[in-house]
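Some notes on the structure that comes next.
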Amino acid sequence: MKIVLPQLGEGIDRAEVAFWHVKVGDAVGPHTDLVEMVTDKATFIIPADCAGVVKNVYARVGESVLVGAPLAQIELVE
Amino acid sequence: MCGIMTEKNRDNQWTVEDWDVIDYNEAYARQKAAVQGVLSGHGPYLFLCEHPPVITLGRLAESRHILISADALKQRGIPVVAIDRGGDVTLHAPGQLVVYPILNLKNYRRDLRWYLDKLEQVAIDLLKDFDILTCRLPGRTGVWVESKKIVSIGVGVKQWVTFHGLAININTALPLFNLIKPCGLDVLMTSVQQVQGAAVDMLDVKRLCQRHCLRIFAAGGHRIS
C-alpha cells in the first residue's frame with residue numbers, strides 16, 4: 001500500500017518532509033505516526049493507516065513532495 | 001491550573017483551561033493527551049497559559065537563529081526545546097499569552113491555511129479590543145503592528161487534530177527576543193504593553209481571547225456529538 005501526501009488545503013500543492021518517525025523494516029499499525037510534513041507554519045503528521053511493514057520511503061528530510069505523490073510503501077500484514 | 005477560567009462551554013462542548021504559568025514540556029504533554037482525547041471523540045479544548053522563558057525550535061529551524069551560546073543560555077536558565085511544530089525559532093516568556101486550541105479540523109475544514117488564517121483572526125480581533133490596529137503580511141504568517149511582529153504562530157496537526165498554536169506578546173519583556181532571530185527573520189517584536197505604553201491585565205486578555213476563539217471556531221464548525 002502506498003501512502004501519499006493528502007490534500008492539505010486550498011492553495012497548498014506541496015509540503016516538505018520534516019521528520020520520519022519510522023524507517024524501512026519497521027512494523028507499523030494503523031495509528032503509527034509515519035512522517036511529519038511541514039508547510040508554512042504547520043506540521044502535518046501522517047499515520048500509517050494500515051498494519052504492516054515499511055518497505056520503502058520515497059523522500060528524505062528537507063525534500064519537497066507534491067500532493068498526491070508517494071511518501072512510503074507499506075507491505076500489508078494479513 | 002487556575003480555577004477561574006476552567007469551564008465547559010455547553011453550546012459546543014469546548015473545554016477551556018487556564019494553566020497560568022506552566023513549564024513548556026508539561027504543557028506539551030497535556031496538549032498531546034488532549035489530542036488523544038479529541039481523537040477519541042472528546043470535544044475541543046482551549047488552553048491558555050504563559051511559559052517561563054524557553055526557546056523552541058520548529059522542525060526545520062536553524063540553530064544559528066539562536067544568537068547566544070548554549071553556555072550563556074544555560075547561565076540564564078533558558079532551555080532550548082526542539083519541537084514538532086511548524087515554523088523556525090521562537091521564544092516564550094511570562095507576559096506572553098500562549099493559546100493552544102486542540103480541535104478536530106474534520107469538523108471545520110481540512111485546510112491548514114484556513115486554520116492558520118483563523119488563528120490570525122483570533123489575535124487580530126483580540127488586539128482590536130485594546131485599540132491596536134494590526135495587519136497580516138503576505139507570505140509571513142503571524143500578526144503585525146506595522147513592521148513589528150506581535151503574534152507568532154506555529155501549529156502541529158495529527159490526523160487533523162490541532163496542537164501548538166499562538167503566542168501573543170502582551171506584557172512580554174521584549175529584550176529577550178534579542179537572544180534569537182524570531183522565525184528566522186530580521187524583525188523587531190512588539191507587545192501590547194509597548195504599543196499601549198502600559199501593562200494590561202492578563203486575566204482580562206485571557207477572557208477576551210477565550211471569547212474570540214470560541215466565536216471564531218464556532219462559526220466555522222459544528223457540534224461534536
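Residues are referred to by chain and number: the chain letter is A, B, ... according to the order shown in the C-alpha cells, the number counts from 1 in that chain, and ligands are numbered separately from 1 in the order shown.
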- Item | Test item: chain A residues at most 6 Å from chain B, counting only C-alpha atoms, as a PyMOL selection string | chain A and resi 8-9+18+41-45
Resulting file, chosen residues, C-alpha atoms, as a compact mmCIF listing (two decimals), in the first residue's frame:
# COMPACT_ATOMS: atom_id res chain seq x y z
CA LEU A 8 -3.66 19.79 2.98
CA GLY A 9 -5.82 22.73 1.97
CA ALA A 18 10.27 17.40 8.30
CA LYS A 41 3.82 27.31 9.88
CA ALA A 42 2.15 23.92 10.19
CA THR A 43 3.42 20.40 10.61
CA PHE A 44 1.12 17.62 9.49
CA ILE A 45 1.65 14.14 10.89
- Message: If you run DSSP on the backbone here, which positions in chain A get strand (DSSP E)? Please write them as JSON, numbers by chain.
- Response: {"A": [2, 3, 4, 14, 15, 16, 17, 18, 19, 20, 27, 28, 33, 34, 35, 36, 37, 38, 39, 42, 43, 44, 45, 46, 47, 52, 53, 54, 55, 56, 57, 64, 65, 66, 70, 71, 72, 73, 74, 75, 76]}
- Which residues come within 8 Å of Gly29 (chain A), counting only C-alpha atoms, excluding same-chain residues fewer than 2 positions away, as number ranges by chain? A: 27, 31-32, 48-52
- Task: If you run DSSP over the backbone, which residues in region 102-192 of chain B end up helix (DSSP H, G or I)? Put them as a ChimeraX atom specification.
- Result: /B:105-107,112-128,174-179,182-184,192
Can you write just those residues out, N, CA and C atoms, as a short mmCIF file (atom, residue, chain, number, x, y, z; two decimals), in the first residue's frame?
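Listed below is the output, again-v6.cif:
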data_model
loop_
_atom_site.label_atom_id
_atom_site.label_comp_id
_atom_site.auth_asym_id
_atom_site.auth_seq_id
_atom_site.Cartn_x
_atom_site.Cartn_y
_atom_site.Cartn_z
N LEU B 105 -10.05 19.39 12.89
CA LEU B 105 -10.36 20.15 11.67
C LEU B 105 -11.33 19.41 10.76
N LYS B 106 -11.53 18.13 10.99
CA LYS B 106 -12.54 17.40 10.20
C LYS B 106 -13.93 17.99 10.47
N ASN B 107 -14.10 18.63 11.62
CA ASN B 107 -15.38 19.25 11.96
C ASN B 107 -15.47 20.70 11.48
N LEU B 112 -5.10 23.53 6.18
CA LEU B 112 -4.13 24.12 7.11
C LEU B 112 -4.07 25.63 6.97
N ARG B 113 -4.16 26.11 5.72
CA ARG B 113 -4.10 27.57 5.50
C ARG B 113 -5.32 28.25 6.15
N TRP B 114 -6.48 27.60 6.03
CA TRP B 114 -7.70 28.12 6.65
C TRP B 114 -7.52 28.22 8.16
N TYR B 115 -6.93 27.18 8.74
CA TYR B 115 -6.75 27.16 10.19
C TYR B 115 -5.79 28.26 10.65
N LEU B 116 -4.68 28.42 9.95
CA LEU B 116 -3.72 29.47 10.31
C LEU B 116 -4.37 30.85 10.18
N ASP B 117 -5.19 31.00 9.15
CA ASP B 117 -5.90 32.25 8.94
C ASP B 117 -6.85 32.54 10.11
N LYS B 118 -7.54 31.52 10.59
CA LYS B 118 -8.47 31.71 11.71
C LYS B 118 -7.72 32.04 13.00
N LEU B 119 -6.57 31.41 13.19
CA LEU B 119 -5.76 31.75 14.38
C LEU B 119 -5.34 33.21 14.33
N GLU B 120 -4.90 33.64 13.15
CA GLU B 120 -4.54 35.06 13.00
C GLU B 120 -5.73 35.95 13.35
N GLN B 121 -6.92 35.53 12.91
CA GLN B 121 -8.11 36.35 13.15
C GLN B 121 -8.41 36.45 14.64
N VAL B 122 -8.21 35.36 15.39
CA VAL B 122 -8.41 35.41 16.84
C VAL B 122 -7.54 36.52 17.43
N ALA B 123 -6.28 36.54 17.04
CA ALA B 123 -5.35 37.53 17.59
C ALA B 123 -5.70 38.94 17.13
N ILE B 124 -6.05 39.08 15.86
CA ILE B 124 -6.40 40.41 15.32
C ILE B 124 -7.60 40.98 16.08
N ASP B 125 -8.62 40.15 16.29
CA ASP B 125 -9.81 40.62 17.00
C ASP B 125 -9.50 40.93 18.46
N LEU B 126 -8.67 40.10 19.07
CA LEU B 126 -8.29 40.34 20.46
C LEU B 126 -7.55 41.68 20.60
N LEU B 127 -6.59 41.90 19.71
CA LEU B 127 -5.79 43.12 19.82
C LEU B 127 -6.62 44.37 19.49
N LYS B 128 -7.63 44.19 18.66
CA LYS B 128 -8.53 45.31 18.35
C LYS B 128 -9.25 45.77 19.62
N LEU B 174 10.51 42.42 26.09
CA LEU B 174 10.93 42.33 24.69
C LEU B 174 12.44 42.14 24.48
N PRO B 175 13.31 42.63 25.38
CA PRO B 175 14.75 42.40 25.16
C PRO B 175 15.11 40.92 25.07
N LEU B 176 14.27 40.05 25.61
CA LEU B 176 14.55 38.61 25.50
C LEU B 176 14.63 38.16 24.04
N PHE B 177 13.89 38.85 23.18
CA PHE B 177 13.90 38.45 21.77
C PHE B 177 15.23 38.74 21.09
N ASN B 178 16.09 39.52 21.77
CA ASN B 178 17.43 39.74 21.21
C ASN B 178 18.27 38.46 21.24
N LEU B 179 17.78 37.46 21.97
CA LEU B 179 18.53 36.20 22.06
C LEU B 179 18.35 35.35 20.81
N PRO B 182 13.82 35.85 15.53
CA PRO B 182 12.48 35.26 15.59
C PRO B 182 11.99 34.78 14.23
N CYS B 183 11.60 33.50 14.20
CA CYS B 183 11.09 32.88 12.97
C CYS B 183 12.13 32.92 11.86
N GLY B 184 13.39 33.14 12.22
CA GLY B 184 14.44 33.21 11.21
C GLY B 184 14.42 34.51 10.41
N VAL B 192 1.64 44.37 23.43
CA VAL B 192 0.54 45.26 23.79
C VAL B 192 1.08 46.35 24.72
#
- Query: Glu63 (chain A): which residues within 7 Å, counting only C-alpha atoms, same-chain residues fewer than 4 positions away excluded, as a list in words?
  - Reply: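 Listing them by chain and then by number gives Glu16, Val17 and Ala59 of chain A.
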Same residues, N, CA and C atoms, output as a PDB file, in the first residue's frame:
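Produced file part-v2.pdb, reproduced below:
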ATOM      1  N   GLU A  16       7.029  19.870   2.736  1.00  0.00           N
ATOM      2  CA  GLU A  16       8.412  19.431   2.900  1.00  0.00           C
ATOM      3  C   GLU A  16       8.478  18.346   3.975  1.00  0.00           C
ATOM      4  N   VAL A  17       9.294  17.335   3.740  1.00  0.00           N
ATOM      5  CA  VAL A  17       9.458  16.298   4.754  1.00  0.00           C
ATOM      6  C   VAL A  17      10.238  16.890   5.932  1.00  0.00           C
ATOM      7  N   ALA A  59      11.082   9.906   0.139  1.00  0.00           N
ATOM      8  CA  ALA A  59      11.598  11.281   0.236  1.00  0.00           C
ATOM      9  C   ALA A  59      12.383  11.445   1.529  1.00  0.00           C
TER      10      ALA A  59
END
- Just how far from CA of Ile102 (chain B) is CA of Glu36 (chain A), in Å to one decimal? 17.9 Å
- Task: Find the residues near Arg14 (chain A): any atom within 10 Å, counting only C-alpha atoms, skip ones fewer than 2 places away on the same chain, and give them as an MDAnalysis selection string.
- Result: chainID A and resid 5:8 11:12 16:17 37:39 64:69
- Any idea what the distance is between CA of Gln196 (chain B) and CA of Phe130 (chain B)?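 Distance between the two atoms: 8.1 Å.
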- Looking at B:Leu166, B:Asp204, B:Arg215, B:Lys148, which one is nearest to Asp186 (chain B), with distances taken over only C-alpha atoms?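 Distance minimum relative to Asp186 (chain B) lands on B:Lys148.
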- Length of the CA of Gln31 (chain B) to CA of Asp18 (chain B) vector [Å]: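 Between CA of Gln31 (chain B) and CA of Asp18 (chain B) the gap is 12.8 Å.
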